[in-house]
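**Q** Next comes the structure file coords_10.cif, holding mmCIF, C-alpha atoms.
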data_model
loop_
_atom_site.label_atom_id
_atom_site.label_comp_id
_atom_site.auth_asym_id
_atom_site.auth_seq_id
_atom_site.Cartn_x
_atom_site.Cartn_y
_atom_site.Cartn_z
CA MET B 1 -34.18 8.69 74.09
CA LYS B 2 -36.27 10.69 76.45
CA ASN B 3 -35.09 13.92 74.82
CA VAL B 4 -36.20 12.71 71.39
CA THR B 5 -39.60 11.76 72.78
CA ASP B 6 -39.95 15.11 74.53
CA SER B 7 -39.32 16.99 71.32
CA PHE B 8 -42.27 15.15 69.71
CA VAL B 9 -44.45 15.70 72.74
CA SER B 10 -44.53 19.41 72.06
CA PHE B 11 -45.94 18.67 68.63
CA GLY B 12 -48.44 16.23 70.07
CA HIS B 13 -50.12 18.63 72.45
CA TRP B 14 -51.82 20.85 69.98
CA PRO B 15 -55.16 22.01 70.89
CA SER B 16 -57.79 19.84 69.24
CA ALA B 17 -61.53 20.17 68.86
CA GLY B 18 -62.42 16.59 69.60
CA SER B 19 -60.90 13.32 70.55
CA PHE B 20 -58.48 13.30 67.62
CA GLY B 21 -54.81 13.66 68.54
CA PHE B 22 -51.30 12.48 67.88
CA ASN B 23 -49.87 9.53 69.67
CA THR B 24 -46.37 10.57 70.55
CA ASP B 25 -45.27 7.21 71.76
CA ILE B 26 -42.98 6.14 68.90
CA LEU B 27 -42.45 2.61 70.15
CA ALA B 28 -46.18 1.94 70.31
CA THR B 29 -47.10 3.51 66.97
CA ASN B 30 -44.26 2.21 64.77
CA PRO B 31 -45.37 -1.46 64.48
CA ILE B 32 -48.94 -0.38 63.79
CA ASN B 33 -47.89 2.18 61.16
CA LEU B 34 -45.51 -0.24 59.54
CA SER B 35 -48.12 -3.00 59.37
CA VAL B 36 -50.62 -0.57 57.78
CA VAL B 37 -48.03 0.65 55.25
CA PHE B 38 -47.00 -2.91 54.42
CA GLY B 39 -50.61 -4.01 54.09
CA VAL B 40 -51.41 -1.11 51.69
CA LEU B 41 -48.22 -1.74 49.72
CA ILE B 42 -48.94 -5.46 49.42
CA PHE B 43 -52.57 -4.89 48.45
CA PHE B 44 -51.98 -2.16 45.86
CA GLY B 45 -48.40 -2.92 44.88
CA LYS B 46 -48.90 -6.63 44.30
CA GLY B 47 -50.24 -6.17 40.75
CA VAL B 48 -47.69 -3.50 39.85
CA LEU B 49 -44.89 -5.60 41.27
CA ASN B 50 -46.13 -8.68 39.38
CA ASP B 51 -46.33 -6.64 36.15
CA LEU B 52 -42.83 -5.27 36.70
CA LEU B 53 -41.47 -8.73 37.43
CA ASP B 54 -43.26 -10.21 34.39
CA ASN B 55 -41.93 -7.43 32.15
CA ARG B 56 -38.44 -7.95 33.54
CA LYS B 57 -38.76 -11.70 33.04
CA GLN B 58 -39.89 -11.19 29.42
CA ARG B 59 -37.02 -8.78 28.73
CA ILE B 60 -34.53 -11.23 30.23
CA LEU B 61 -35.97 -14.10 28.16
CA SER B 62 -35.94 -12.05 24.96
CA THR B 63 -32.37 -10.96 25.72
CA ILE B 64 -31.41 -14.60 26.22
CA ARG B 65 -33.11 -15.58 22.93
CA ASN B 66 -31.40 -12.70 21.10
CA SER B 67 -28.09 -13.64 22.65
CA GLU B 68 -28.56 -17.26 21.59
CA GLU B 69 -29.40 -16.19 18.04
CA LEU B 70 -26.39 -13.87 17.97
CA ARG B 71 -24.21 -16.69 19.29
CA LYS B 72 -25.47 -19.03 16.56
CA SER B 73 -24.86 -16.46 13.84
CA ALA B 74 -21.43 -15.70 15.31
CA VAL B 75 -20.59 -19.43 15.27
CA GLU B 76 -21.74 -19.65 11.63
CA GLN B 77 -19.69 -16.60 10.70
CA LEU B 78 -16.71 -18.06 12.54
CA GLU B 79 -17.01 -21.31 10.56
CA LYS B 80 -17.31 -19.35 7.30
CA ALA B 81 -14.29 -17.27 8.27
CA ARG B 82 -12.30 -20.41 9.10
CA ALA B 83 -13.24 -21.94 5.73
CA ARG B 84 -12.21 -18.72 3.96
CA LEU B 85 -8.97 -18.69 5.97
CA ARG B 86 -8.16 -22.26 4.91
CA LYS B 87 -8.92 -21.34 1.29
CA VAL B 88 -6.78 -18.19 1.48
CA GLU B 89 -3.93 -20.13 3.11
CA THR B 90 -4.07 -22.71 0.32
CA GLU B 91 -4.06 -19.95 -2.31
CA ALA B 92 -1.22 -18.18 -0.50
CA ASN B 93 0.84 -21.38 -0.54
CA GLN B 94 0.15 -21.78 -4.26
CA TYR B 95 1.12 -18.16 -4.89
CA ARG B 96 4.24 -18.64 -2.80
CA VAL B 97 5.28 -21.73 -4.77
CA ASN B 98 4.39 -20.08 -8.06
CA GLY B 99 6.11 -16.90 -6.93
CA TYR B 100 9.34 -18.72 -6.15
CA SER B 101 9.36 -20.44 -9.53
CA GLU B 102 8.49 -17.14 -11.23
CA ILE B 103 11.31 -15.44 -9.35
CA GLU B 104 13.73 -18.12 -10.50
CA ARG B 105 12.54 -17.71 -14.12
CA GLU B 106 12.84 -13.94 -13.89
CA LYS B 107 16.27 -14.30 -12.34
CA ALA B 108 17.42 -16.58 -15.18
CA ASN B 109 15.89 -14.23 -17.77
CA LEU B 110 17.57 -11.25 -16.14
CA ILE B 111 20.93 -13.00 -16.07
CA ASN B 112 20.56 -13.96 -19.75
CA ALA B 113 19.44 -10.46 -20.73
CA THR B 114 22.32 -8.91 -18.79
CA SER B 115 24.78 -11.31 -20.39
CA GLU B 116 23.45 -10.47 -23.86
CA SER B 117 23.58 -6.74 -23.06
CA LEU B 118 27.17 -7.06 -21.90
CA GLU B 119 28.07 -8.97 -25.06
CA ARG B 120 26.41 -6.29 -27.24
CA LEU B 121 28.22 -3.57 -25.29
CA GLU B 122 31.53 -5.40 -25.76
CA ASN B 123 30.86 -5.72 -29.51
CA TYR B 124 29.89 -2.06 -29.72
CA LYS B 125 33.05 -1.10 -27.82
CA ASN B 126 35.19 -3.18 -30.19
CA GLU B 127 33.47 -1.67 -33.24
CA THR B 128 33.94 1.81 -31.80
CA LEU B 129 37.63 1.10 -31.20
CA ARG B 130 38.07 -0.21 -34.78
CA PHE B 131 36.22 2.79 -36.15
CA GLU B 132 38.36 5.20 -34.13
CA GLN B 133 41.53 3.36 -35.18
CA GLN B 134 40.47 3.49 -38.84
CA ARG B 135 39.62 7.17 -38.52
CA ALA B 136 42.98 7.90 -36.89
CA ILE B 137 44.76 5.91 -39.63
CA ASN B 138 42.80 7.80 -42.31
CA GLN B 139 43.67 11.14 -40.68
CA VAL B 140 47.34 10.16 -40.56
CA ARG B 141 47.22 9.00 -44.22
CA GLN B 142 45.49 12.19 -45.25
CA ARG B 143 48.02 14.29 -43.37
CA VAL B 144 50.95 12.31 -44.87
CA PHE B 145 49.42 12.57 -48.35
CA GLN B 146 48.84 16.29 -47.88
CA GLN B 147 52.42 16.82 -46.70
CA ALA B 148 53.75 14.70 -49.59
CA LEU B 149 51.61 16.66 -52.04
CA GLU B 150 52.78 19.96 -50.56
CA GLY B 151 56.37 18.73 -50.74
CA ALA B 152 55.92 17.58 -54.35
CA LEU B 153 54.30 20.86 -55.32
CA GLY B 154 57.06 22.75 -53.61
CA THR B 155 59.66 20.69 -55.46
CA LEU B 156 57.84 21.12 -58.76
CA ASN B 157 57.46 24.84 -58.28
CA ASN B 158 61.14 25.18 -57.45
CA SER B 159 62.38 23.00 -60.31
CA LEU B 160 59.88 23.96 -63.00
CA ASN B 161 60.47 26.73 -65.32
CA SER B 162 57.84 28.13 -67.66
CA GLU B 163 58.77 25.88 -70.64
CA LEU B 164 58.64 22.67 -68.57
CA HIS B 165 55.42 23.92 -67.02
CA PHE B 166 53.90 24.51 -70.48
CA ARG B 167 54.86 20.98 -71.70
CA THR B 168 53.38 19.34 -68.53
CA ILE B 169 50.10 21.17 -69.05
CA SER B 170 50.03 20.18 -72.75
CA ALA B 171 50.69 16.53 -71.88
CA ASN B 172 47.92 16.52 -69.30
CA ILE B 173 45.50 18.12 -71.79
CA GLY B 174 46.39 15.40 -74.26
CA ILE B 175 45.71 12.68 -71.68
CA LEU B 176 42.35 14.25 -70.87
CA GLY B 177 41.45 14.38 -74.57
CA VAL B 178 42.27 10.67 -75.01
CA MET B 179 40.16 9.84 -71.96
CA GLU B 180 37.26 11.82 -73.37
CA GLU B 181 37.38 9.90 -76.65
CA ILE B 182 37.46 6.60 -74.77
CA THR B 183 34.40 7.48 -72.68
CA ASN B 184 32.40 8.54 -75.78
#
I'd like the structure from this file rewritten - as structure tokens, please.

**A**
Amino acid sequence: MKNVTDSFVSFGHWPSAGSFGFNTDILATNPINLSVVFGVLIFFGKGVLNDLLDNRKQRILSTIRNSEELRKSAVEQLEKARARLRKVETEANQYRVNGYSEIEREKANLINATSESLERLENYKNETLRFEQQRAINQVRQRVFQQALEGALGTLNNSLNSELHFRTISANIGILGVMEEITN
């Protein structure tokens, strides 16, 4: 401690013009300096400190009031949200019940429509089969008729001579003439 005091002693022995000088005894000057600093701070800082504390108190009170108002509005919003939730849950249950019955109706309609479509397809298939059978029968008949006609013409051409041919044509002309008179 003596070394610290000695270092200040060199600063304290400046040449002075009068009786003014530095007291280098730290232990003797500290309580006096501190009491002077505290006295000045209390005297001048009291008003500033009071103003700061009052401002802080007002900010805290306004924050509390704002928080209380926000809490009240949050509680109101929560109650509104709960009421809306109950309403939405009720509507959801109604939609669910209505949805299930609608699904059952749609299912029944779909089954009926599918059954009717299958029945129409079966009828169409049967009609198509009958049509194809009739067409095949007609083709066979036409082919048989054509072959019979070709065979008959071949037989007629082989067995006809010009005189028989001439008489057949004359007989057919006569038949056509009679038919013409009947139609007039």

**Q** Rounded to one decimal in Å, what is the spacing between CA of Ile103 in chain B and CA of Lys87 in chain B?

**A**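 Value for the CA of Ile103 in chain B-CA of Lys87 in chain B distance: 23.6 Å.
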
**Q** If I take CA of Gly177 in chain B and CA of Ala148 in chain B, how far is one from the other in Å, to one decimal?

**A**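 Atom-to-atom, CA of Gly177 in chain B and CA of Ala148 in chain B are spaced 27.8 Å apart.
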
**Q** How far is it from CA of Phe131 in chain B to CA of Asn112 in chain B, in Å with one decimal?

**A**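 Straight-line distance from CA of Phe131 in chain B to CA of Asn112 in chain B works out to 28.2 Å.
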
**Q** Can you tell me, as AutoDock Vina command-line options, the centre and edge lengths (Å, one decimal) of the axis-aligned box enclosing all of range 56-66 of chain B's listed atoms after padding each side by 3 Å?

**A**
--center_x -35.6 --center_y -11.8 --center_z 27.3 --size_x 14.5 --size_y 13.6 --size_z 18.4
